[in-house]
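To start, the structure itself, in structure tokens.
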Amino acid sequence: MIKNRTPFPGRRLFADRFSEKILHGVVIVSGLILILITFALYYRSRPVLALQSFPSLLLSQGWHPSRGEFGFLPFIAGTLWVTGVAMVIAMPICLLTSIYLVEYSSKTLREWINPFIDILAGIPSVVYGIWGLLIIVPFIKGYLAPLFGISSSGYCVLAGGMVLAVMVVPVVIHISMEVLKTVPNELRDASMSLGATKWQTVKHVVMRRAMPGIVAAMVLGLSRAFGETIAVLMVVGNLARVPKSVFDPGYPLPALIANNYGEMLSIPLYDSALLFAALLLLLVVLYFNIVSRMILSGTRWSHYYYA
Amino acid sequence: MESKAHISIQNLNIYYGKDHALKDINVEIPKKKITVIIGPSGCGKSTLLKSFNRLLDSVDNVKITGKVLVDGEDIYDPKAEVTHIRKKMGLLSQKPYPLPMSIYDNIAYGPRIHEERNKKKIDKIVEHFLRTASLWDEVKDKLHSPASQLSVGQQQRLCLARGLAVGPEIILGDEPTSALDPRSSQNIEARFQELKQQYTIVVVTHILRQAKRLADYVLFLYGGRLIEYGPAHEVLENPKEAMTKEYIQGVIS
Amino acid sequence: MVQGGVIITMHKHAIEENVFRVLMIASTLLILSVLLLILGTIVIKGLPYLSWSMITQAPKSGYYLGKDGGILNSILGSLYLTGGATIMALMVSLPVTLYLNVYAKKKSRLVYMTRFAFDVMWGIPSIVYGAFGFTLMLFFGLKASLLAGMITVAFLILPVMTRSMDEVIRMVPPPLLEASYALGATRFETAFKVVVRQVMPGISTAVLIAFGRGIGDAASLIFTAGFTDSIPTSLLQPVATLPLTIFFQLTFDHP
């Protein structure tokens with residue numbers, strides 16, 4: 001450090017001040033990216049918003065870009081169906097597994113399984129898509145649909161939902177486990193020392209305490225499912241009609257955006273409509289994320305009990 | 001030791017992995033007296049206390065040998081029903097941990113777990129034990145507000161009432177006043193003095209003066225070994241062992 | 001309580017407990033078997049087709065119909081594109097995390113808001129980043145190219161990188177910073193000489209995590225990278241990446 005005792009202390013202090021200003025600027029600009037993204041998408045979707053009002057865009061069924069008709073209802077319905085199916089499949093499994101791993105299993109088992117869950121989280125969505133094509137689609141076409149007496153190509157809402165469910169699982173389990181671990185052991189001890197069984201303790205005390213956090217974990221999973229594009233697109237059928245059952249094909253918003261990159265500059269307003277779809281997706285996901293992050297930061301920092 | 005043993009510990013050894021936490025403990029804890037466990041931190045006081053109601057079962061890597069007899073029955077017998085053992089003992093921990101529910105539900109939790117469904121009976125139980133813990137007057141108008149809104153001292157008395165509501169015979173206190181202000185501590189100590197008419201009480205503390213105020217019997221642990229055990233006035237005023245003497249004089253801690 | 005009643009209700013508890021225990025174990029096993037099924041499917045279906053020419057040659061005409069050639073263009077394309085994006089993201093996230101952890105006051109509003117913003121950005125789907133990248137392309141008059149793809153992926157991985165790096169730098173013990181200040185070092189010197197050196201392994205991990213997220217993504221590149229059978233020689237040429245190649249081959253018959 002002696003070397004650093006330069007005869008020009010002013011220069012070092014200047015470097016310090018100057019770097020602070022610059023870094024401060026970088027931080028603020030990076031924080032504004034969120035607003036920039038929202039604004040850019042809004043700016044580009046103005047032409048289509050000028051053509052049709054916001055509610056009519058959302059609620060009309062007709063999708064004829066070449067005639068200038070942009071009704072997003074089939075796509076919104078497709079998104080809701082696929083996400084709903086995924087959540088119905090994934091949520092109970094996630095809840096049961098994370099409770100099992102945190103409350104029941106031994107530490108060794110938990111340490112063995114954790115890397116598997118991380119691997120699952122790290123697989124690119126294209127790979128999930130291939131898996132869906134090779135396994136889920138034929139499975140639905142060959143076994144599941146005939147079981148209900150329905151003929152289906154296999155490319156349907158259920159296939160999308162099943163693939164999505166698998167993709168959401170690692171995210172939700174990971175966060176739920178973190179939330180369950182924040183429940184103090186003394187609370188479990190208190191319940192057990194009153195003579196409650198393990199399950200009674202989990203059901204009445206641990207779950208109750210962890211509920212906000214687990215809800216937040218599920219909402220984060222939900223928002224992940226909402227925006228997932230490639231894997232769903234590959235198996236869901238992509239037909240612009242409101243699905244009537246899980247064996248019907250659907251066409252979720254992200255798939256719509258991804259599938260029409262080619263034509264969108266050749267038809268007027270088409271690009272604007274697709275970017276409006278992206279804006280819609282962004283707003284929904286932002287809402288979910290902000291709410292769940294607020295709940296999660298609440299469970300992590302506050303020492304108050306949820307009653 | 002004129003009174004009958006309530007808990008009797010025989011050749012108890014506890015290991016956490018390779019760490020030998022309690023070494024060959026043999027002791028008999030008398031009925032309806034206050035027994036205080038003293039010793040420096042890390043000497044195994046809390047471990048000994050938790051071994052009484054098998055709360056160590058859920059700890060990873062723990063190994064327990066020897067016997068703990070409560071009313072003559074070995075609680076570590078594989079056939080023993082663990083929830084019944086725990087029901088026999090109320091536990092007060094270092095910091096109060098009210099369950100995440102209302103004041104009323106905190107007390108009602110135990111009876112409900114044990115299949116008491118009669119609403120009127122539960123009402124009575126709640127009132128009775130809140131009175132026993134001298135908390136009734138302070139909370140009777142807000143029974144259904146969250147227990148987390150109470151002060152720490154009130155929460156600890158709530159935990160005491162909650163423990164008593166399942167009808168235990170033994171009260172275990174793991175430094176139950178360490179998070180409390182002096183006045184709340186005094187309140188808890190006063191409750192213990194009343195309760196020893198009906199209950200066997202075992203309290204862990206590192207505060208010697210508290211031991212002097214409370215104890216009928218004193219048990220001194222050091223480094224996982226039982227150094228000395230006997231009536232309070234003998235151990236605290238006339239210790240037989242040099243180590244106990246040094247601890248009481250503050251030479252070792 | 002009647003003795004008989006106790007026995008019956010104990011049974012009920014035990015049944016409920018056991019039913020849930022079985023369900024919990026079943027769902028854990030289900031997750032593990034799905035993972036094995038996925039990995040198994042990919043390996044069994046993919047391995048027989050792996051050949052030397054596949055990873056050393058660019059596709060020749062008719063490659064996707066089973067003729068000669070390989071996917072070297074997409075392998076290199078993925079590496080170029082994600083590598084560039086990672087460097088771009090690092091140039092923003094390193095200063096940001098250093099500012100948050102060394103310069104700024106620990107509990108300031110700015111620190112909290114920034115972390116929150118990055119957490120939320122983490123949750124934005126990659127297709128939205130793709131759309132955003134597309135609006136940037138329109139704004140700057142850029143064509144779908146290696147550069148546009150890099151910028152888009154840089155935005156995509158910025159939150160992952162920043163938040164993982166932030167978690168690491170947060171763990172630097174305050175005494176280390178204090179020791180550096182006590183020797184008369186400025187914050188600038190402390191940040192770039194002491195902290196960066198101390199958490200180098202953590203920074204590398206964060207960079208790798210971000211790289212991993214970037215290299216697997218296709219949705220953000222559909223608009224922005226273009227697609228080509230040749231290896232790009234400049235930033236402004238279109239590029240193919242591995243996920244894009246897989247996606248196009250499997251969803252469209254033959255482009």
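Residues are named by chain letter and number: chains run A, B, ... in the order of the structure tokens, numbers start at 1 in each chain, and ligands are numbered from 1 in the order shown.
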
Open item on the list: I need the residues of segment 124-173 of chain B that end up classed as helix (DSSP H, G or I) by DSSP on the backbone, written out as an MDAnalysis selection string.
Closed with: chainID B and resid 124:132 136:139 147:149 152:164

TODO: Starting from chain A, keep only residues with some atom at most 7 Å from an atom of chain C, counting only C-alpha atoms, and report them as a PyMOL selection string.
DONE: chain A and resi 15-16+19-20+23-24+26-27+31+34+37+40-41+93+96-97+100+120+124+126+131+199+224+227-230+234+254+258+261+275+278+282+285-286+289-290

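For the residues A:Ser152, A:Thr83, A:Ser53, A:Thr38, ranking by smallest atom-to-atom distance to Phe70 of chain A using only C-alpha atoms places A:Ser53 first.
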
TODO: Using only C-alpha atoms, find the residues of chain B whose closest atom to chain A is at most 8 Å away, then write them as a PyMOL selection string.
DONE: chain B and resi 53+55+60+82-87+89-91+93+97-102+110+113-114+146-148+163+166

Open item on the list: Report, in Å to a single decimal, how far apart atom CA of Gly154 of chain A and atom CA of Gln61 of chain A are.
Closed with: 24.2 Å

- [ ] Report as a list of chain:residue names: the residues of segment 47-221 of chain A with a DSSP assignment of strand (DSSP E or B), based on the backbone of this structure.
- [x]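 So the strand (DSSP E or B) residues in segment 47-221 of chain A would be A:Trp63, A:His64, A:Glu69, A:Phe70.
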
Residues near segment 77-85 of chain C, cut-off 9 Å, only C-alpha atoms, skip fewer than 5 positions along chain, as a PDB file with all heavy atoms, in the first residue's frame:
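So result-v5.pdb came out as:
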ATOM      1  N   LEU C  72     -22.037 -27.173 -37.874  1.00  0.00           N
ATOM      2  CA  LEU C  72     -20.965 -26.335 -37.341  1.00  0.00           C
ATOM      3  C   LEU C  72     -21.393 -24.873 -37.281  1.00  0.00           C
ATOM      4  O   LEU C  72     -21.076 -24.160 -36.337  1.00  0.00           O
ATOM      5  CB  LEU C  72     -19.711 -26.472 -38.210  1.00  0.00           C
ATOM      6  CG  LEU C  72     -18.514 -25.657 -37.739  1.00  0.00           C
ATOM      7  CD1 LEU C  72     -18.000 -26.172 -36.410  1.00  0.00           C
ATOM      8  CD2 LEU C  72     -17.403 -25.661 -38.775  1.00  0.00           C
ATOM      9  N   LEU C  90     -21.860  -8.333 -18.896  1.00  0.00           N
ATOM     10  CA  LEU C  90     -20.880  -8.202 -17.814  1.00  0.00           C
ATOM     11  C   LEU C  90     -20.466  -6.747 -17.647  1.00  0.00           C
ATOM     12  O   LEU C  90     -20.273  -6.266 -16.529  1.00  0.00           O
ATOM     13  CB  LEU C  90     -19.652  -9.071 -18.120  1.00  0.00           C
ATOM     14  CG  LEU C  90     -18.567  -9.114 -17.061  1.00  0.00           C
ATOM     15  CD1 LEU C  90     -19.113  -9.732 -15.773  1.00  0.00           C
ATOM     16  CD2 LEU C  90     -17.350  -9.893 -17.535  1.00  0.00           C
ATOM     17  N   LEU C 146     -26.156 -11.023 -36.194  1.00  0.00           N
ATOM     18  CA  LEU C 146     -25.405 -11.408 -35.010  1.00  0.00           C
ATOM     19  C   LEU C 146     -25.446 -10.305 -33.956  1.00  0.00           C
ATOM     20  O   LEU C 146     -25.696 -10.561 -32.778  1.00  0.00           O
ATOM     21  CB  LEU C 146     -23.958 -11.708 -35.425  1.00  0.00           C
ATOM     22  CG  LEU C 146     -22.981 -12.197 -34.363  1.00  0.00           C
ATOM     23  CD1 LEU C 146     -23.525 -13.423 -33.658  1.00  0.00           C
ATOM     24  CD2 LEU C 146     -21.631 -12.518 -34.991  1.00  0.00           C
ATOM     25  N   LEU C 147     -25.232  -9.055 -34.396  1.00  0.00           N
ATOM     26  CA  LEU C 147     -25.204  -7.940 -33.443  1.00  0.00           C
ATOM     27  C   LEU C 147     -26.558  -7.768 -32.745  1.00  0.00           C
ATOM     28  O   LEU C 147     -26.630  -7.676 -31.517  1.00  0.00           O
ATOM     29  CB  LEU C 147     -24.820  -6.643 -34.173  1.00  0.00           C
ATOM     30  CG  LEU C 147     -24.757  -5.402 -33.282  1.00  0.00           C
ATOM     31  CD1 LEU C 147     -23.661  -5.551 -32.244  1.00  0.00           C
ATOM     32  CD2 LEU C 147     -24.535  -4.142 -34.106  1.00  0.00           C
ATOM     33  N   GLY C 149     -28.909  -9.932 -32.356  1.00  0.00           N
ATOM     34  CA  GLY C 149     -29.121 -11.073 -31.464  1.00  0.00           C
ATOM     35  C   GLY C 149     -28.350 -10.921 -30.169  1.00  0.00           C
ATOM     36  O   GLY C 149     -28.869 -11.145 -29.072  1.00  0.00           O
ATOM     37  N   MET C 150     -27.084 -10.490 -30.302  1.00  0.00           N
ATOM     38  CA  MET C 150     -26.239 -10.300 -29.113  1.00  0.00           C
ATOM     39  C   MET C 150     -26.862  -9.305 -28.146  1.00  0.00           C
ATOM     40  O   MET C 150     -26.933  -9.550 -26.947  1.00  0.00           O
ATOM     41  CB  MET C 150     -24.882  -9.727 -29.531  1.00  0.00           C
ATOM     42  CG  MET C 150     -23.798 -10.722 -29.745  1.00  0.00           C
ATOM     43  SD  MET C 150     -22.308  -9.773 -30.087  1.00  0.00           S
ATOM     44  CE  MET C 150     -21.367 -10.999 -30.970  1.00  0.00           C
ATOM     45  N   ILE C 151     -27.309  -8.167 -28.704  1.00  0.00           N
ATOM     46  CA  ILE C 151     -27.879  -7.124 -27.844  1.00  0.00           C
ATOM     47  C   ILE C 151     -29.117  -7.668 -27.124  1.00  0.00           C
ATOM     48  O   ILE C 151     -29.283  -7.495 -25.910  1.00  0.00           O
ATOM     49  CB  ILE C 151     -28.236  -5.870 -28.678  1.00  0.00           C
ATOM     50  CG1 ILE C 151     -26.950  -5.242 -29.222  1.00  0.00           C
ATOM     51  CG2 ILE C 151     -28.997  -4.862 -27.836  1.00  0.00           C
ATOM     52  CD1 ILE C 151     -27.176  -4.103 -30.181  1.00  0.00           C
ATOM     53  N   THR C 152     -29.969  -8.377 -27.864  1.00  0.00           N
ATOM     54  CA  THR C 152     -31.193  -8.906 -27.265  1.00  0.00           C
ATOM     55  C   THR C 152     -30.865  -9.891 -26.140  1.00  0.00           C
ATOM     56  O   THR C 152     -31.415  -9.814 -25.043  1.00  0.00           O
ATOM     57  CB  THR C 152     -32.043  -9.608 -28.335  1.00  0.00           C
ATOM     58  OG1 THR C 152     -32.187  -8.732 -29.440  1.00  0.00           O
ATOM     59  CG2 THR C 152     -33.392  -9.975 -27.778  1.00  0.00           C
ATOM     60  N   VAL C 153     -29.952 -10.832 -26.434  1.00  0.00           N
ATOM     61  CA  VAL C 153     -29.606 -11.821 -25.406  1.00  0.00           C
ATOM     62  C   VAL C 153     -28.915 -11.139 -24.218  1.00  0.00           C
ATOM     63  O   VAL C 153     -29.102 -11.543 -23.065  1.00  0.00           O
ATOM     64  CB  VAL C 153     -28.734 -12.951 -25.998  1.00  0.00           C
ATOM     65  CG1 VAL C 153     -28.222 -13.872 -24.910  1.00  0.00           C
ATOM     66  CG2 VAL C 153     -29.557 -13.744 -26.994  1.00  0.00           C
ATOM     67  N   ALA C 154     -28.145 -10.072 -24.498  1.00  0.00           N
ATOM     68  CA  ALA C 154     -27.518  -9.351 -23.393  1.00  0.00           C
ATOM     69  C   ALA C 154     -28.584  -8.822 -22.433  1.00  0.00           C
ATOM     70  O   ALA C 154     -28.456  -8.952 -21.211  1.00  0.00           O
ATOM     71  CB  ALA C 154     -26.666  -8.205 -23.923  1.00  0.00           C
ATOM     72  N   PHE C 155     -29.656  -8.252 -22.989  1.00  0.00           N
ATOM     73  CA  PHE C 155     -30.757  -7.796 -22.131  1.00  0.00           C
ATOM     74  C   PHE C 155     -31.369  -8.965 -21.365  1.00  0.00           C
ATOM     75  O   PHE C 155     -31.671  -8.867 -20.180  1.00  0.00           O
ATOM     76  CB  PHE C 155     -31.852  -7.112 -22.971  1.00  0.00           C
ATOM     77  CG  PHE C 155     -31.582  -5.670 -23.233  1.00  0.00           C
ATOM     78  CD1 PHE C 155     -31.221  -5.220 -24.495  1.00  0.00           C
ATOM     79  CD2 PHE C 155     -31.686  -4.752 -22.199  1.00  0.00           C
ATOM     80  CE1 PHE C 155     -30.963  -3.887 -24.731  1.00  0.00           C
ATOM     81  CE2 PHE C 155     -31.442  -3.408 -22.427  1.00  0.00           C
ATOM     82  CZ  PHE C 155     -31.068  -2.975 -23.698  1.00  0.00           C
ATOM     83  N   ILE C 157     -30.021 -11.824 -20.387  1.00  0.00           N
ATOM     84  CA  ILE C 157     -29.240 -12.450 -19.314  1.00  0.00           C
ATOM     85  C   ILE C 157     -28.750 -11.447 -18.280  1.00  0.00           C
ATOM     86  O   ILE C 157     -28.230 -11.838 -17.238  1.00  0.00           O
ATOM     87  CB  ILE C 157     -28.035 -13.239 -19.876  1.00  0.00           C
ATOM     88  CG1 ILE C 157     -27.072 -12.333 -20.623  1.00  0.00           C
ATOM     89  CG2 ILE C 157     -28.517 -14.375 -20.747  1.00  0.00           C
ATOM     90  CD1 ILE C 157     -25.866 -13.071 -21.153  1.00  0.00           C
ATOM     91  N   PHE C 211     -24.384 -17.249 -19.112  1.00  0.00           N
ATOM     92  CA  PHE C 211     -24.040 -17.836 -20.404  1.00  0.00           C
ATOM     93  C   PHE C 211     -24.964 -19.032 -20.689  1.00  0.00           C
ATOM     94  O   PHE C 211     -25.496 -19.178 -21.790  1.00  0.00           O
ATOM     95  CB  PHE C 211     -22.577 -18.285 -20.386  1.00  0.00           C
ATOM     96  CG  PHE C 211     -22.063 -18.759 -21.709  1.00  0.00           C
ATOM     97  CD1 PHE C 211     -21.569 -17.860 -22.638  1.00  0.00           C
ATOM     98  CD2 PHE C 211     -22.062 -20.107 -22.031  1.00  0.00           C
ATOM     99  CE1 PHE C 211     -21.091 -18.298 -23.863  1.00  0.00           C
ATOM    100  CE2 PHE C 211     -21.589 -20.559 -23.255  1.00  0.00           C
ATOM    101  CZ  PHE C 211     -21.096 -19.644 -24.173  1.00  0.00           C
ATOM    102  N   GLY C 212     -25.164 -19.849 -19.675  1.00  0.00           N
ATOM    103  CA  GLY C 212     -26.020 -21.029 -19.818  1.00  0.00           C
ATOM    104  C   GLY C 212     -27.448 -20.650 -20.167  1.00  0.00           C
ATOM    105  O   GLY C 212     -28.078 -21.252 -21.033  1.00  0.00           O
ATOM    106  N   GLY C 214     -28.336 -17.930 -21.647  1.00  0.00           N
ATOM    107  CA  GLY C 214     -28.345 -17.333 -22.975  1.00  0.00           C
ATOM    108  C   GLY C 214     -28.232 -18.367 -24.081  1.00  0.00           C
ATOM    109  O   GLY C 214     -28.942 -18.301 -25.083  1.00  0.00           O
ATOM    110  N   ILE C 215     -27.363 -19.366 -23.881  1.00  0.00           N
ATOM    111  CA  ILE C 215     -27.078 -20.283 -24.988  1.00  0.00           C
ATOM    112  C   ILE C 215     -28.264 -21.218 -25.252  1.00  0.00           C
ATOM    113  O   ILE C 215     -28.428 -21.737 -26.348  1.00  0.00           O
ATOM    114  CB  ILE C 215     -25.774 -21.076 -24.728  1.00  0.00           C
ATOM    115  CG1 ILE C 215     -25.180 -21.550 -26.057  1.00  0.00           C
ATOM    116  CG2 ILE C 215     -26.012 -22.253 -23.807  1.00  0.00           C
ATOM    117  CD1 ILE C 215     -23.726 -21.917 -25.964  1.00  0.00           C
ATOM    118  N   GLY C 216     -29.123 -21.395 -24.266  1.00  0.00           N
ATOM    119  CA  GLY C 216     -30.254 -22.294 -24.465  1.00  0.00           C
ATOM    120  C   GLY C 216     -31.484 -21.622 -25.030  1.00  0.00           C
ATOM    121  O   GLY C 216     -32.472 -22.275 -25.314  1.00  0.00           O
ATOM    122  N   ALA C 225     -32.055 -12.746 -34.754  1.00  0.00           N
ATOM    123  CA  ALA C 225     -30.790 -13.306 -35.228  1.00  0.00           C
ATOM    124  C   ALA C 225     -30.828 -13.631 -36.712  1.00  0.00           C
ATOM    125  O   ALA C 225     -29.796 -13.781 -37.341  1.00  0.00           O
ATOM    126  CB  ALA C 225     -30.440 -14.550 -34.437  1.00  0.00           C
ATOM    127  N   ILE C 231     -21.508 -19.665 -41.829  1.00  0.00           N
ATOM    128  CA  ILE C 231     -20.929 -19.133 -40.602  1.00  0.00           C
ATOM    129  C   ILE C 231     -20.742 -17.623 -40.777  1.00  0.00           C
ATOM    130  O   ILE C 231     -20.178 -17.188 -41.791  1.00  0.00           O
ATOM    131  CB  ILE C 231     -19.569 -19.812 -40.339  1.00  0.00           C
ATOM    132  CG1 ILE C 231     -19.793 -21.324 -40.159  1.00  0.00           C
ATOM    133  CG2 ILE C 231     -18.893 -19.220 -39.124  1.00  0.00           C
ATOM    134  CD1 ILE C 231     -18.536 -22.143 -40.294  1.00  0.00           C
ATOM    135  N   PRO C 232     -21.225 -16.808 -39.835  1.00  0.00           N
ATOM    136  CA  PRO C 232     -21.161 -15.352 -40.034  1.00  0.00           C
ATOM    137  C   PRO C 232     -19.726 -14.855 -40.001  1.00  0.00           C
ATOM    138  O   PRO C 232     -18.911 -15.351 -39.226  1.00  0.00           O
ATOM    139  CB  PRO C 232     -21.959 -14.798 -38.847  1.00  0.00           C
ATOM    140  CG  PRO C 232     -21.948 -15.881 -37.835  1.00  0.00           C
ATOM    141  CD  PRO C 232     -21.885 -17.167 -38.580  1.00  0.00           C
ATOM    142  N   VAL C 239     -27.279 -15.030 -38.322  1.00  0.00           N
ATOM    143  CA  VAL C 239     -26.573 -16.125 -37.673  1.00  0.00           C
ATOM    144  C   VAL C 239     -27.578 -17.208 -37.264  1.00  0.00           C
ATOM    145  O   VAL C 239     -28.742 -16.916 -36.996  1.00  0.00           O
ATOM    146  CB  VAL C 239     -25.794 -15.586 -36.443  1.00  0.00           C
ATOM    147  CG1 VAL C 239     -26.752 -15.012 -35.429  1.00  0.00           C
ATOM    148  CG2 VAL C 239     -24.943 -16.659 -35.788  1.00  0.00           C
ATOM    149  N   ALA C 240     -27.108 -18.455 -37.233  1.00  0.00           N
ATOM    150  CA  ALA C 240     -27.947 -19.548 -36.714  1.00  0.00           C
ATOM    151  C   ALA C 240     -27.406 -19.961 -35.350  1.00  0.00           C
ATOM    152  O   ALA C 240     -26.216 -19.848 -35.106  1.00  0.00           O
ATOM    153  CB  ALA C 240     -27.899 -20.730 -37.666  1.00  0.00           C
ATOM    154  N   THR C 241     -28.273 -20.369 -34.455  1.00  0.00           N
ATOM    155  CA  THR C 241     -27.790 -20.926 -33.189  1.00  0.00           C
ATOM    156  C   THR C 241     -28.392 -22.316 -33.030  1.00  0.00           C
ATOM    157  O   THR C 241     -29.330 -22.670 -33.735  1.00  0.00           O
ATOM    158  CB  THR C 241     -28.206 -20.077 -31.973  1.00  0.00           C
ATOM    159  OG1 THR C 241     -29.615 -20.205 -31.799  1.00  0.00           O
ATOM    160  CG2 THR C 241     -27.853 -18.635 -32.149  1.00  0.00           C
ATOM    161  N   LEU C 242     -27.844 -23.092 -32.102  1.00  0.00           N
ATOM    162  CA  LEU C 242     -28.319 -24.473 -31.930  1.00  0.00           C
ATOM    163  C   LEU C 242     -29.813 -24.547 -31.613  1.00  0.00           C
ATOM    164  O   LEU C 242     -30.546 -25.268 -32.275  1.00  0.00           O
ATOM    165  CB  LEU C 242     -27.510 -25.166 -30.836  1.00  0.00           C
ATOM    166  CG  LEU C 242     -26.164 -25.727 -31.292  1.00  0.00           C
ATOM    167  CD1 LEU C 242     -25.361 -26.204 -30.091  1.00  0.00           C
ATOM    168  CD2 LEU C 242     -26.371 -26.867 -32.283  1.00  0.00           C
ATOM    169  N   PRO C 243     -30.293 -23.823 -30.600  1.00  0.00           N
ATOM    170  CA  PRO C 243     -31.735 -23.930 -30.305  1.00  0.00           C
ATOM    171  C   PRO C 243     -32.599 -23.507 -31.480  1.00  0.00           C
ATOM    172  O   PRO C 243     -33.610 -24.143 -31.772  1.00  0.00           O
ATOM    173  CB  PRO C 243     -31.933 -22.975 -29.124  1.00  0.00           C
ATOM    174  CG  PRO C 243     -30.596 -22.824 -28.526  1.00  0.00           C
ATOM    175  CD  PRO C 243     -29.613 -22.957 -29.635  1.00  0.00           C
TER     176      PRO C 243
END

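Using only C-alpha atoms, the nearest neighbour of chain C within the list B:Glu28, B:Glu81, B:Ile107, B:Thr65 is B:Glu81.
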
- [ ] Could you please determine the separation between atom CA of Leu220 of chain A and atom CA of Leu101 of chain A in Å, to one decimal place?
- [x]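 Distance reported for this atom pair: 20.1 Å.
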
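You will find atom CA of Leu274 of chain A at 8.9 Å from atom CA of Leu253 of chain A.
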